[in-house]
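Chemist: Input data_8.cif, format and content: mmCIF, N, CA and C atoms.
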```cif
data_upload
loop_
_atom_site.label_atom_id
_atom_site.label_comp_id
_atom_site.auth_asym_id
_atom_site.auth_seq_id
_atom_site.Cartn_x
_atom_site.Cartn_y
_atom_site.Cartn_z
N MET S 1 6.49 -12.44 -136.08
CA MET S 1 7.58 -13.08 -135.38
C MET S 1 7.97 -14.37 -136.10
N GLU S 2 9.25 -14.55 -136.34
CA GLU S 2 9.75 -15.79 -136.93
C GLU S 2 9.70 -16.88 -135.87
N ARG S 3 9.35 -18.11 -136.28
CA ARG S 3 9.23 -19.23 -135.34
C ARG S 3 10.02 -20.43 -135.86
N VAL S 4 10.44 -21.28 -134.94
CA VAL S 4 11.10 -22.52 -135.35
C VAL S 4 10.05 -23.45 -135.95
N LEU S 5 10.48 -24.35 -136.82
CA LEU S 5 9.58 -25.27 -137.50
C LEU S 5 9.53 -26.65 -136.86
N GLY S 6 10.52 -26.96 -136.08
CA GLY S 6 10.61 -28.28 -135.45
C GLY S 6 12.02 -28.50 -134.97
N ILE S 7 12.27 -29.65 -134.42
CA ILE S 7 13.60 -29.97 -133.94
C ILE S 7 14.45 -30.39 -135.14
N GLY S 8 15.58 -29.75 -135.30
CA GLY S 8 16.45 -30.02 -136.44
C GLY S 8 17.55 -31.02 -136.13
N GLY S 9 17.78 -31.31 -134.86
CA GLY S 9 18.80 -32.28 -134.50
C GLY S 9 18.95 -32.38 -133.00
N TYR S 10 19.59 -33.42 -132.58
CA TYR S 10 19.91 -33.62 -131.17
C TYR S 10 21.32 -34.18 -131.15
N PHE S 11 22.22 -33.54 -130.43
CA PHE S 11 23.63 -33.90 -130.48
C PHE S 11 24.10 -34.34 -129.11
N VAL S 12 24.83 -35.44 -129.05
CA VAL S 12 25.32 -35.97 -127.78
C VAL S 12 26.81 -36.24 -127.86
N ARG S 13 27.49 -36.05 -126.74
CA ARG S 13 28.90 -36.42 -126.64
C ARG S 13 28.96 -37.93 -126.41
N ALA S 14 29.98 -38.57 -126.97
CA ALA S 14 30.12 -40.01 -126.77
C ALA S 14 31.59 -40.40 -126.77
N ALA S 15 31.96 -41.31 -125.89
CA ALA S 15 33.32 -41.84 -125.89
C ALA S 15 33.59 -42.61 -127.17
N ASP S 16 32.54 -43.26 -127.70
CA ASP S 16 32.66 -44.02 -128.95
C ASP S 16 31.45 -43.68 -129.82
N PRO S 17 31.53 -42.58 -130.59
CA PRO S 17 30.39 -42.14 -131.40
C PRO S 17 29.86 -43.21 -132.36
N ALA S 18 30.73 -43.97 -132.99
CA ALA S 18 30.28 -45.00 -133.93
C ALA S 18 29.46 -46.08 -133.21
N ALA S 19 29.92 -46.50 -132.05
CA ALA S 19 29.21 -47.53 -131.29
C ALA S 19 27.87 -47.01 -130.80
N LEU S 20 27.82 -45.77 -130.34
CA LEU S 20 26.56 -45.21 -129.86
C LEU S 20 25.57 -45.05 -131.02
N THR S 21 26.05 -44.60 -132.16
CA THR S 21 25.19 -44.48 -133.35
C THR S 21 24.65 -45.86 -133.74
N ALA S 22 25.50 -46.87 -133.69
CA ALA S 22 25.06 -48.24 -134.02
C ALA S 22 24.02 -48.73 -133.01
N TRP S 23 24.18 -48.39 -131.75
CA TRP S 23 23.20 -48.81 -130.72
C TRP S 23 21.82 -48.22 -131.03
N TYR S 24 21.77 -46.93 -131.34
CA TYR S 24 20.49 -46.30 -131.67
C TYR S 24 19.87 -46.92 -132.93
N ARG S 25 20.71 -47.28 -133.89
CA ARG S 25 20.21 -47.93 -135.10
C ARG S 25 19.73 -49.35 -134.80
N ASP S 26 20.55 -50.14 -134.14
CA ASP S 26 20.26 -51.55 -133.93
C ASP S 26 19.20 -51.81 -132.87
N CYS S 27 19.19 -51.01 -131.81
CA CYS S 27 18.25 -51.25 -130.71
C CYS S 27 16.93 -50.50 -130.86
N LEU S 28 16.98 -49.30 -131.40
CA LEU S 28 15.77 -48.48 -131.53
C LEU S 28 15.26 -48.38 -132.96
N GLY S 29 16.04 -48.87 -133.92
CA GLY S 29 15.60 -48.83 -135.31
C GLY S 29 15.70 -47.45 -135.93
N LEU S 30 16.52 -46.59 -135.37
CA LEU S 30 16.69 -45.24 -135.89
C LEU S 30 17.62 -45.34 -137.11
N ASP S 31 17.03 -45.30 -138.29
CA ASP S 31 17.77 -45.54 -139.53
C ASP S 31 18.25 -44.25 -140.19
N ALA S 32 19.21 -43.61 -139.53
CA ALA S 32 19.79 -42.38 -140.05
C ALA S 32 20.81 -42.70 -141.14
N ASP S 33 21.01 -41.74 -142.04
CA ASP S 33 22.00 -41.94 -143.09
C ASP S 33 23.40 -41.63 -142.57
N ASP S 34 24.40 -41.63 -143.43
CA ASP S 34 25.79 -41.42 -143.02
C ASP S 34 26.03 -40.06 -142.38
N ASN S 35 25.16 -39.09 -142.66
CA ASN S 35 25.28 -37.76 -142.07
C ASN S 35 24.41 -37.59 -140.82
N GLY S 36 23.73 -38.66 -140.42
CA GLY S 36 22.87 -38.58 -139.25
C GLY S 36 21.45 -38.15 -139.57
N LEU S 37 21.12 -37.92 -140.84
CA LEU S 37 19.79 -37.47 -141.22
C LEU S 37 18.80 -38.62 -141.09
N TRP S 38 17.74 -38.36 -140.34
CA TRP S 38 16.70 -39.34 -140.08
C TRP S 38 15.36 -38.68 -140.37
N LEU S 39 14.58 -39.25 -141.26
CA LEU S 39 13.27 -38.72 -141.60
C LEU S 39 12.25 -39.41 -140.71
N GLN S 40 11.82 -38.69 -139.68
CA GLN S 40 10.89 -39.26 -138.72
C GLN S 40 9.45 -39.05 -139.14
N GLU S 41 8.57 -39.84 -138.55
CA GLU S 41 7.14 -39.68 -138.82
C GLU S 41 6.63 -38.41 -138.16
N ALA S 42 5.66 -37.78 -138.78
CA ALA S 42 5.05 -36.59 -138.19
C ALA S 42 4.31 -36.97 -136.91
N GLY S 43 4.32 -36.07 -135.96
CA GLY S 43 3.62 -36.32 -134.70
C GLY S 43 3.97 -35.25 -133.69
N PRO S 44 3.37 -35.37 -132.52
CA PRO S 44 3.59 -34.34 -131.49
C PRO S 44 5.00 -34.38 -130.93
N THR S 45 5.48 -33.22 -130.53
CA THR S 45 6.76 -33.07 -129.84
C THR S 45 6.52 -32.20 -128.63
N VAL S 46 7.08 -32.57 -127.50
CA VAL S 46 6.90 -31.83 -126.25
C VAL S 46 8.21 -31.17 -125.87
N LEU S 47 8.15 -29.91 -125.50
CA LEU S 47 9.29 -29.21 -124.92
C LEU S 47 8.87 -28.85 -123.50
N ALA S 48 9.54 -29.41 -122.51
CA ALA S 48 9.16 -29.18 -121.12
C ALA S 48 10.41 -28.94 -120.29
N ALA S 49 10.36 -27.93 -119.44
CA ALA S 49 11.46 -27.64 -118.51
C ALA S 49 11.14 -28.27 -117.16
N PHE S 50 12.16 -28.84 -116.53
CA PHE S 50 12.01 -29.49 -115.24
C PHE S 50 12.85 -28.74 -114.21
N GLU S 51 12.51 -28.89 -112.96
CA GLU S 51 13.30 -28.30 -111.88
C GLU S 51 14.72 -28.84 -111.94
N SER S 52 15.70 -28.04 -111.55
CA SER S 52 17.11 -28.44 -111.67
C SER S 52 17.47 -29.64 -110.81
N ASP S 53 16.71 -29.92 -109.76
CA ASP S 53 17.04 -31.05 -108.88
C ASP S 53 16.24 -32.32 -109.20
N THR S 54 15.58 -32.36 -110.36
CA THR S 54 14.78 -33.54 -110.72
C THR S 54 15.64 -34.77 -110.97
N ASP S 55 15.11 -35.92 -110.62
CA ASP S 55 15.76 -37.19 -110.96
C ASP S 55 15.14 -37.79 -112.22
N TYR S 56 14.12 -37.13 -112.75
CA TYR S 56 13.37 -37.66 -113.89
C TYR S 56 14.25 -37.84 -115.12
N LEU S 57 15.23 -36.96 -115.31
CA LEU S 57 16.08 -37.01 -116.50
C LEU S 57 17.22 -38.01 -116.39
N GLY S 58 17.35 -38.68 -115.26
CA GLY S 58 18.44 -39.61 -115.06
C GLY S 58 19.48 -39.01 -114.13
N ALA S 59 20.75 -39.32 -114.37
CA ALA S 59 21.83 -38.82 -113.54
C ALA S 59 21.85 -37.29 -113.54
N ARG S 60 22.24 -36.71 -112.44
CA ARG S 60 22.27 -35.24 -112.32
C ARG S 60 23.13 -34.57 -113.38
N ALA S 61 24.14 -35.27 -113.87
CA ALA S 61 25.00 -34.71 -114.91
C ALA S 61 24.28 -34.63 -116.25
N GLN S 62 23.19 -35.36 -116.42
CA GLN S 62 22.43 -35.35 -117.67
C GLN S 62 21.48 -34.15 -117.65
N GLN S 63 21.73 -33.18 -118.51
CA GLN S 63 20.95 -31.95 -118.53
C GLN S 63 19.70 -32.03 -119.39
N THR S 64 19.67 -32.95 -120.33
CA THR S 64 18.51 -33.11 -121.21
C THR S 64 18.20 -34.59 -121.36
N MET S 65 16.99 -34.89 -121.80
CA MET S 65 16.63 -36.28 -122.06
C MET S 65 15.92 -36.35 -123.41
N LEU S 66 16.37 -37.23 -124.24
CA LEU S 66 15.76 -37.47 -125.53
C LEU S 66 14.52 -38.32 -125.33
N ASN S 67 13.45 -37.98 -126.00
CA ASN S 67 12.18 -38.71 -125.91
C ASN S 67 11.82 -39.13 -127.33
N PHE S 68 11.61 -40.43 -127.52
CA PHE S 68 11.19 -40.95 -128.83
C PHE S 68 9.75 -41.42 -128.75
N ARG S 69 8.96 -41.07 -129.76
CA ARG S 69 7.60 -41.61 -129.89
C ARG S 69 7.71 -43.03 -130.43
N VAL S 70 6.92 -43.93 -129.88
CA VAL S 70 6.88 -45.31 -130.36
C VAL S 70 5.43 -45.72 -130.58
N ARG S 71 5.23 -46.68 -131.45
CA ARG S 71 3.89 -47.17 -131.76
C ARG S 71 3.38 -48.12 -130.68
N ASP S 72 4.28 -49.01 -130.19
CA ASP S 72 3.90 -50.04 -129.22
C ASP S 72 4.99 -50.10 -128.14
N LEU S 73 4.74 -49.46 -127.02
CA LEU S 73 5.74 -49.36 -125.95
C LEU S 73 6.15 -50.74 -125.44
N ASP S 74 5.19 -51.61 -125.20
CA ASP S 74 5.53 -52.94 -124.67
C ASP S 74 6.43 -53.71 -125.63
N ALA S 75 6.14 -53.65 -126.92
CA ALA S 75 6.96 -54.35 -127.92
C ALA S 75 8.37 -53.75 -127.97
N MET S 76 8.47 -52.42 -127.88
CA MET S 76 9.78 -51.78 -127.92
C MET S 76 10.60 -52.14 -126.69
N LEU S 77 9.98 -52.14 -125.52
CA LEU S 77 10.71 -52.49 -124.30
C LEU S 77 11.17 -53.94 -124.34
N ALA S 78 10.32 -54.83 -124.84
CA ALA S 78 10.69 -56.25 -124.97
C ALA S 78 11.86 -56.41 -125.94
N GLN S 79 11.82 -55.68 -127.04
CA GLN S 79 12.90 -55.72 -128.03
C GLN S 79 14.21 -55.27 -127.41
N LEU S 80 14.16 -54.19 -126.63
CA LEU S 80 15.36 -53.68 -125.99
C LEU S 80 15.91 -54.66 -124.97
N ARG S 81 15.02 -55.24 -124.17
CA ARG S 81 15.46 -56.23 -123.17
C ARG S 81 16.11 -57.43 -123.86
N ALA S 82 15.54 -57.87 -124.98
CA ALA S 82 16.10 -59.01 -125.71
C ALA S 82 17.50 -58.71 -126.24
N ARG S 83 17.80 -57.44 -126.47
CA ARG S 83 19.13 -57.04 -126.95
C ARG S 83 20.08 -56.73 -125.80
N GLY S 84 19.61 -56.93 -124.56
CA GLY S 84 20.45 -56.71 -123.40
C GLY S 84 20.55 -55.26 -122.96
N ALA S 85 19.67 -54.41 -123.42
CA ALA S 85 19.70 -52.99 -123.06
C ALA S 85 19.28 -52.80 -121.60
N ASP S 86 19.72 -51.70 -121.02
CA ASP S 86 19.41 -51.34 -119.64
C ASP S 86 18.04 -50.65 -119.62
N VAL S 87 16.98 -51.43 -119.45
CA VAL S 87 15.60 -50.95 -119.51
C VAL S 87 15.06 -50.84 -118.09
N ALA S 88 14.45 -49.70 -117.77
CA ALA S 88 13.82 -49.52 -116.46
C ALA S 88 12.63 -50.48 -116.34
N GLU S 89 12.45 -51.04 -115.17
CA GLU S 89 11.34 -51.96 -114.94
C GLU S 89 9.99 -51.27 -114.98
N GLU S 90 9.93 -50.05 -114.44
CA GLU S 90 8.64 -49.35 -114.35
C GLU S 90 8.26 -48.68 -115.67
N THR S 91 6.97 -48.52 -115.85
CA THR S 91 6.42 -47.69 -116.92
C THR S 91 5.46 -46.72 -116.26
N GLN S 92 5.05 -45.71 -116.99
CA GLN S 92 4.13 -44.72 -116.43
C GLN S 92 3.00 -44.48 -117.43
N ASP S 93 1.78 -44.45 -116.94
CA ASP S 93 0.61 -44.12 -117.75
C ASP S 93 0.11 -42.75 -117.31
N MET S 94 -0.14 -41.87 -118.28
CA MET S 94 -0.69 -40.55 -117.98
C MET S 94 -1.93 -40.34 -118.82
N ALA S 95 -3.07 -40.20 -118.15
CA ALA S 95 -4.34 -39.97 -118.85
C ALA S 95 -4.22 -38.74 -119.74
N GLY S 96 -4.66 -38.85 -120.97
CA GLY S 96 -4.63 -37.73 -121.90
C GLY S 96 -3.29 -37.52 -122.57
N VAL S 97 -2.27 -38.27 -122.15
CA VAL S 97 -0.92 -38.10 -122.71
C VAL S 97 -0.42 -39.38 -123.34
N GLY S 98 -0.42 -40.48 -122.58
CA GLY S 98 0.05 -41.75 -123.11
C GLY S 98 0.84 -42.53 -122.09
N ARG S 99 1.67 -43.45 -122.60
CA ARG S 99 2.48 -44.33 -121.75
C ARG S 99 3.95 -44.04 -121.97
N PHE S 100 4.74 -44.23 -120.90
CA PHE S 100 6.16 -43.93 -120.94
C PHE S 100 6.98 -45.09 -120.39
N GLY S 101 8.14 -45.29 -120.96
CA GLY S 101 9.12 -46.24 -120.46
C GLY S 101 10.50 -45.63 -120.70
N TRP S 102 11.55 -46.23 -120.12
CA TRP S 102 12.88 -45.65 -120.21
C TRP S 102 13.93 -46.71 -120.45
N VAL S 103 14.96 -46.32 -121.18
CA VAL S 103 16.13 -47.15 -121.42
C VAL S 103 17.35 -46.24 -121.26
N THR S 104 18.45 -46.81 -120.82
CA THR S 104 19.70 -46.06 -120.71
C THR S 104 20.63 -46.56 -121.81
N ASP S 105 21.13 -45.62 -122.61
CA ASP S 105 22.00 -46.01 -123.73
C ASP S 105 23.38 -46.39 -123.21
N PRO S 106 24.24 -46.95 -124.05
CA PRO S 106 25.55 -47.41 -123.60
C PRO S 106 26.45 -46.32 -123.02
N GLU S 107 26.15 -45.05 -123.28
CA GLU S 107 26.94 -43.95 -122.74
C GLU S 107 26.36 -43.43 -121.42
N GLY S 108 25.28 -44.06 -120.94
CA GLY S 108 24.69 -43.67 -119.66
C GLY S 108 23.59 -42.64 -119.75
N ASN S 109 23.12 -42.32 -120.95
CA ASN S 109 22.05 -41.34 -121.13
C ASN S 109 20.69 -42.00 -121.00
N ARG S 110 19.86 -41.48 -120.12
CA ARG S 110 18.50 -41.98 -119.98
C ARG S 110 17.68 -41.47 -121.15
N VAL S 111 16.96 -42.36 -121.83
CA VAL S 111 16.14 -42.03 -122.99
C VAL S 111 14.71 -42.44 -122.66
N GLU S 112 13.77 -41.55 -122.95
CA GLU S 112 12.37 -41.85 -122.69
C GLU S 112 11.70 -42.33 -123.97
N LEU S 113 10.84 -43.32 -123.82
CA LEU S 113 10.05 -43.85 -124.94
C LEU S 113 8.60 -43.55 -124.63
N TRP S 114 7.89 -42.97 -125.59
CA TRP S 114 6.54 -42.46 -125.37
C TRP S 114 5.58 -43.04 -126.40
N GLN S 115 4.56 -43.71 -125.92
CA GLN S 115 3.47 -44.17 -126.78
C GLN S 115 2.32 -43.21 -126.55
N PRO S 116 2.14 -42.21 -127.45
CA PRO S 116 1.07 -41.23 -127.26
C PRO S 116 -0.30 -41.87 -127.31
N GLU S 117 -1.26 -41.24 -126.65
CA GLU S 117 -2.64 -41.70 -126.78
C GLU S 117 -3.04 -41.50 -128.23
N ARG S 118 -3.95 -42.29 -128.69
CA ARG S 118 -4.29 -42.32 -130.11
C ARG S 118 -5.20 -41.19 -130.59
N ASP S 119 -5.73 -40.38 -129.69
CA ASP S 119 -6.67 -39.34 -130.12
C ASP S 119 -6.01 -38.11 -130.71
N GLY S 120 -4.67 -38.06 -130.69
CA GLY S 120 -3.96 -36.94 -131.30
C GLY S 120 -3.77 -35.74 -130.40
N THR S 121 -4.29 -35.78 -129.17
CA THR S 121 -4.15 -34.64 -128.28
C THR S 121 -3.02 -34.81 -127.30
N ALA S 122 -2.29 -35.91 -127.39
CA ALA S 122 -1.21 -36.19 -126.45
C ALA S 122 -0.17 -35.07 -126.46
N GLY S 123 0.38 -34.82 -125.29
CA GLY S 123 1.42 -33.83 -125.17
C GLY S 123 0.94 -32.49 -124.66
N SER S 124 -0.35 -32.38 -124.35
CA SER S 124 -0.85 -31.09 -123.90
C SER S 124 -0.68 -30.90 -122.40
N GLU S 125 -0.33 -31.96 -121.67
CA GLU S 125 -0.13 -31.86 -120.24
C GLU S 125 1.35 -31.95 -119.94
N THR S 126 1.76 -31.49 -118.76
CA THR S 126 3.14 -31.63 -118.34
C THR S 126 3.23 -32.68 -117.26
N ARG S 127 4.44 -33.22 -117.09
CA ARG S 127 4.64 -34.25 -116.07
C ARG S 127 5.19 -33.64 -114.83
#
```
Taking this structure as input, can you express it in the form of structure tokens?
Modeler:
Amino acid sequence: MERVLGIGGYFVRAADPAALTAWYRDCLGLDADDNGLWLQEAGPTVLAAFESDTDYLGARAQQTMLNFRVRDLDAMLAQLRARGADVAEETQDMAGVGRFGWVTDPEGNRVELWQPERDGTAGSETR
């Protein structure tokens, strides 16, 4: 059976694509090239389906949520707050998985930030 190798891209609609791209670059440090190509660090990726009535993904109109791995969640959240980003006050700790925080981008998309546990087994549980 042929299998996928990883996530090849994530595409979002935006009223102002250039401004949204700049926000991801300036606030999250996502240094993509002119074509959007970003060479990320190797690490775990989670694919999880949620019930259709969940509030976890943000607004009901948001069908998917982008999750970025971060090295230091507290530092990233502080950096985002300093830039005036819409950062959720709460964070979540999950034993065996790691820590989570959330920011809403300028287009209203809720984005999850994940600091995996350091033992390399993070991502084996569902939320």
Chemist: Can you pull out the residues contacting segment 67-82 of chain S? Cut-off 5 Å, using all atoms listed in the file, and skip same-chain residues under 4 positions away; I want them as a PyMOL selection string.
Modeler: chain S and resi 112-115
Chemist: If the PyMOL selection byres (((chain S and resi 22 and name CA) around 12) and name CA) were run on this exact file, what residues would it hold? Put them as a tab-separated table (two decimals) with N, CA and C atoms, keeping the file's coordinate frame.
Modeler:
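As written to disk, part23.tsv reads:
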```
chain	number	residue	atom	x	y	z
S	16	ASP	N	32.54	-43.26	-127.70
S	16	ASP	CA	32.66	-44.02	-128.95
S	16	ASP	C	31.45	-43.68	-129.82
S	17	PRO	N	31.53	-42.58	-130.59
S	17	PRO	CA	30.39	-42.14	-131.40
S	17	PRO	C	29.86	-43.21	-132.36
S	18	ALA	N	30.73	-43.97	-132.99
S	18	ALA	CA	30.28	-45.00	-133.93
S	18	ALA	C	29.46	-46.08	-133.21
S	19	ALA	N	29.92	-46.50	-132.05
S	19	ALA	CA	29.21	-47.53	-131.29
S	19	ALA	C	27.87	-47.01	-130.80
S	20	LEU	N	27.82	-45.77	-130.34
S	20	LEU	CA	26.56	-45.21	-129.86
S	20	LEU	C	25.57	-45.05	-131.02
S	21	THR	N	26.05	-44.60	-132.16
S	21	THR	CA	25.19	-44.48	-133.35
S	21	THR	C	24.65	-45.86	-133.74
S	23	TRP	N	24.18	-48.39	-131.75
S	23	TRP	CA	23.20	-48.81	-130.72
S	23	TRP	C	21.82	-48.22	-131.03
S	24	TYR	N	21.77	-46.93	-131.34
S	24	TYR	CA	20.49	-46.30	-131.67
S	24	TYR	C	19.87	-46.92	-132.93
S	25	ARG	N	20.71	-47.28	-133.89
S	25	ARG	CA	20.21	-47.93	-135.10
S	25	ARG	C	19.73	-49.35	-134.80
S	26	ASP	N	20.55	-50.14	-134.14
S	26	ASP	CA	20.26	-51.55	-133.93
S	26	ASP	C	19.20	-51.81	-132.87
S	27	CYS	N	19.19	-51.01	-131.81
S	27	CYS	CA	18.25	-51.25	-130.71
S	27	CYS	C	16.93	-50.50	-130.86
S	28	LEU	N	16.98	-49.30	-131.40
S	28	LEU	CA	15.77	-48.48	-131.53
S	28	LEU	C	15.26	-48.38	-132.96
S	29	GLY	N	16.04	-48.87	-133.92
S	29	GLY	CA	15.60	-48.83	-135.31
S	29	GLY	C	15.70	-47.45	-135.93
S	30	LEU	N	16.52	-46.59	-135.37
S	30	LEU	CA	16.69	-45.24	-135.89
S	30	LEU	C	17.62	-45.34	-137.11
S	31	ASP	N	17.03	-45.30	-138.29
S	31	ASP	CA	17.77	-45.54	-139.53
S	31	ASP	C	18.25	-44.25	-140.19
S	32	ALA	N	19.21	-43.61	-139.53
S	32	ALA	CA	19.79	-42.38	-140.05
S	32	ALA	C	20.81	-42.70	-141.14
S	33	ASP	N	21.01	-41.74	-142.04
S	33	ASP	CA	22.00	-41.94	-143.09
S	33	ASP	C	23.40	-41.63	-142.57
S	34	ASP	N	24.40	-41.63	-143.43
S	34	ASP	CA	25.79	-41.42	-143.02
S	34	ASP	C	26.03	-40.06	-142.38
S	36	GLY	N	23.73	-38.66	-140.42
S	36	GLY	CA	22.87	-38.58	-139.25
S	36	GLY	C	21.45	-38.15	-139.57
S	105	ASP	N	21.13	-45.62	-122.61
S	105	ASP	CA	22.00	-46.01	-123.73
S	105	ASP	C	23.38	-46.39	-123.21
S	106	PRO	N	24.24	-46.95	-124.05
S	106	PRO	CA	25.55	-47.41	-123.60
S	106	PRO	C	26.45	-46.32	-123.02
```
Chemist: Near Thr54 of chain S, counting only C-alpha atoms, which residues have an atom at most 12 Å away, once you skip same-chain residues fewer than 6 positions from it, shown as a list in words?
Modeler: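 Contacts, with the query itself left out: Arg60, Ala61, Gln62, Gln63, Thr64, Met65 and Arg127 of chain S.
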Chemist: To test the calculation: enclose all listed atoms of segment 73-81 of chain S in a box whose edges run along x, y and z, add 6 Å on each side, then state centre and edge lengths in Å to one decimal, as AutoDock Vina command-line options.
Modeler:
```
--center_x 10.4 --center_y -53.4 --center_z -125.6 --size_x 23.4 --size_y 20.1 --size_z 16.9
```
Chemist: How many Å lie between atom N of Trp102 of chain S and atom N of Arg118 of chain S, rounded to one decimal?
Modeler: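 Distance reported for this atom pair: 18.1 Å.
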Chemist: Find the distance between atom C of Leu66 of chain S and atom CA of Val111 of chain S and write it in Å to one decimal.
Modeler: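 For atom C of Leu66 of chain S relative to atom CA of Val111 of chain S, the distance reads 4.7 Å.
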Chemist: Hey, what does DSSP flag as strand (DSSP E) within chain S? Can you give it to me as a PyMOL selection string?
Modeler: chain S and resi 66-69+86-87+92-94+98-104+110-116
Chemist: Please extract the residues of chain S with a backbone DSSP assignment of helix (DSSP H, G or I) and present them as a list of chain:residue names.
Modeler: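 The residues of chain S classed as helix (DSSP H, G or I) are S:Pro17, S:Ala18, S:Ala19, S:Leu20, S:Thr21, S:Ala22, S:Trp23, S:Tyr24, S:Arg25, S:Asp26, S:Cys27, S:Leu28, S:Leu73, S:Asp74, S:Ala75, S:Met76, S:Leu77, S:Ala78, S:Gln79, S:Leu80, S:Arg81, S:Ala82.
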Chemist: How many Å lie between atom N of Gln40 of chain S and atom C of Pro116 of chain S, rounded to one decimal?
Modeler: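 Going from atom N of Gln40 of chain S over to atom C of Pro116 of chain S, I get 17.6 Å.
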Chemist: Could you spell out the hits of the PyMOL selection byres (((chain S and resi 6-11 and name CA) around 10) and name CA) on the shown file, as a VMD selection string?
Modeler: chain S and resid 3 to 5 12 to 14 36 to 38 45 66
Chemist: Would you save the residues from that selection as a PDB file, keeping the file's coordinate frame, using N, CA and C atoms?
Modeler:
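Resulting contents of part_24.pdb:
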```
ATOM      1  N   ARG S   3       9.350 -18.110-136.280  1.00  0.00           N
ATOM      2  CA  ARG S   3       9.230 -19.230-135.340  1.00  0.00           C
ATOM      3  C   ARG S   3      10.020 -20.430-135.860  1.00  0.00           C
ATOM      4  N   VAL S   4      10.440 -21.280-134.940  1.00  0.00           N
ATOM      5  CA  VAL S   4      11.100 -22.520-135.350  1.00  0.00           C
ATOM      6  C   VAL S   4      10.050 -23.450-135.950  1.00  0.00           C
ATOM      7  N   LEU S   5      10.480 -24.350-136.820  1.00  0.00           N
ATOM      8  CA  LEU S   5       9.580 -25.270-137.500  1.00  0.00           C
ATOM      9  C   LEU S   5       9.530 -26.650-136.860  1.00  0.00           C
ATOM     10  N   VAL S  12      24.830 -35.440-129.050  1.00  0.00           N
ATOM     11  CA  VAL S  12      25.320 -35.970-127.780  1.00  0.00           C
ATOM     12  C   VAL S  12      26.810 -36.240-127.860  1.00  0.00           C
ATOM     13  N   ARG S  13      27.490 -36.050-126.740  1.00  0.00           N
ATOM     14  CA  ARG S  13      28.900 -36.420-126.640  1.00  0.00           C
ATOM     15  C   ARG S  13      28.960 -37.930-126.410  1.00  0.00           C
ATOM     16  N   ALA S  14      29.980 -38.570-126.970  1.00  0.00           N
ATOM     17  CA  ALA S  14      30.120 -40.010-126.770  1.00  0.00           C
ATOM     18  C   ALA S  14      31.590 -40.400-126.770  1.00  0.00           C
ATOM     19  N   GLY S  36      23.730 -38.660-140.420  1.00  0.00           N
ATOM     20  CA  GLY S  36      22.870 -38.580-139.250  1.00  0.00           C
ATOM     21  C   GLY S  36      21.450 -38.150-139.570  1.00  0.00           C
ATOM     22  N   LEU S  37      21.120 -37.920-140.840  1.00  0.00           N
ATOM     23  CA  LEU S  37      19.790 -37.470-141.220  1.00  0.00           C
ATOM     24  C   LEU S  37      18.800 -38.620-141.090  1.00  0.00           C
ATOM     25  N   TRP S  38      17.740 -38.360-140.340  1.00  0.00           N
ATOM     26  CA  TRP S  38      16.700 -39.340-140.080  1.00  0.00           C
ATOM     27  C   TRP S  38      15.360 -38.680-140.370  1.00  0.00           C
ATOM     28  N   THR S  45       5.480 -33.220-130.530  1.00  0.00           N
ATOM     29  CA  THR S  45       6.760 -33.070-129.840  1.00  0.00           C
ATOM     30  C   THR S  45       6.520 -32.200-128.630  1.00  0.00           C
ATOM     31  N   LEU S  66      16.370 -37.230-124.240  1.00  0.00           N
ATOM     32  CA  LEU S  66      15.760 -37.470-125.530  1.00  0.00           C
ATOM     33  C   LEU S  66      14.520 -38.320-125.330  1.00  0.00           C
TER      34      LEU S  66
END
```
Chemist: Let me make sure I understand: among S:Ala88, S:Ala15, S:Val103, S:Met94, which one has the smallest atom-to-atom distance to Glu117 of chain S if we use all atoms listed in the file?
Modeler: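 Answer, going by the shortest atom-to-atom distance: S:Met94.
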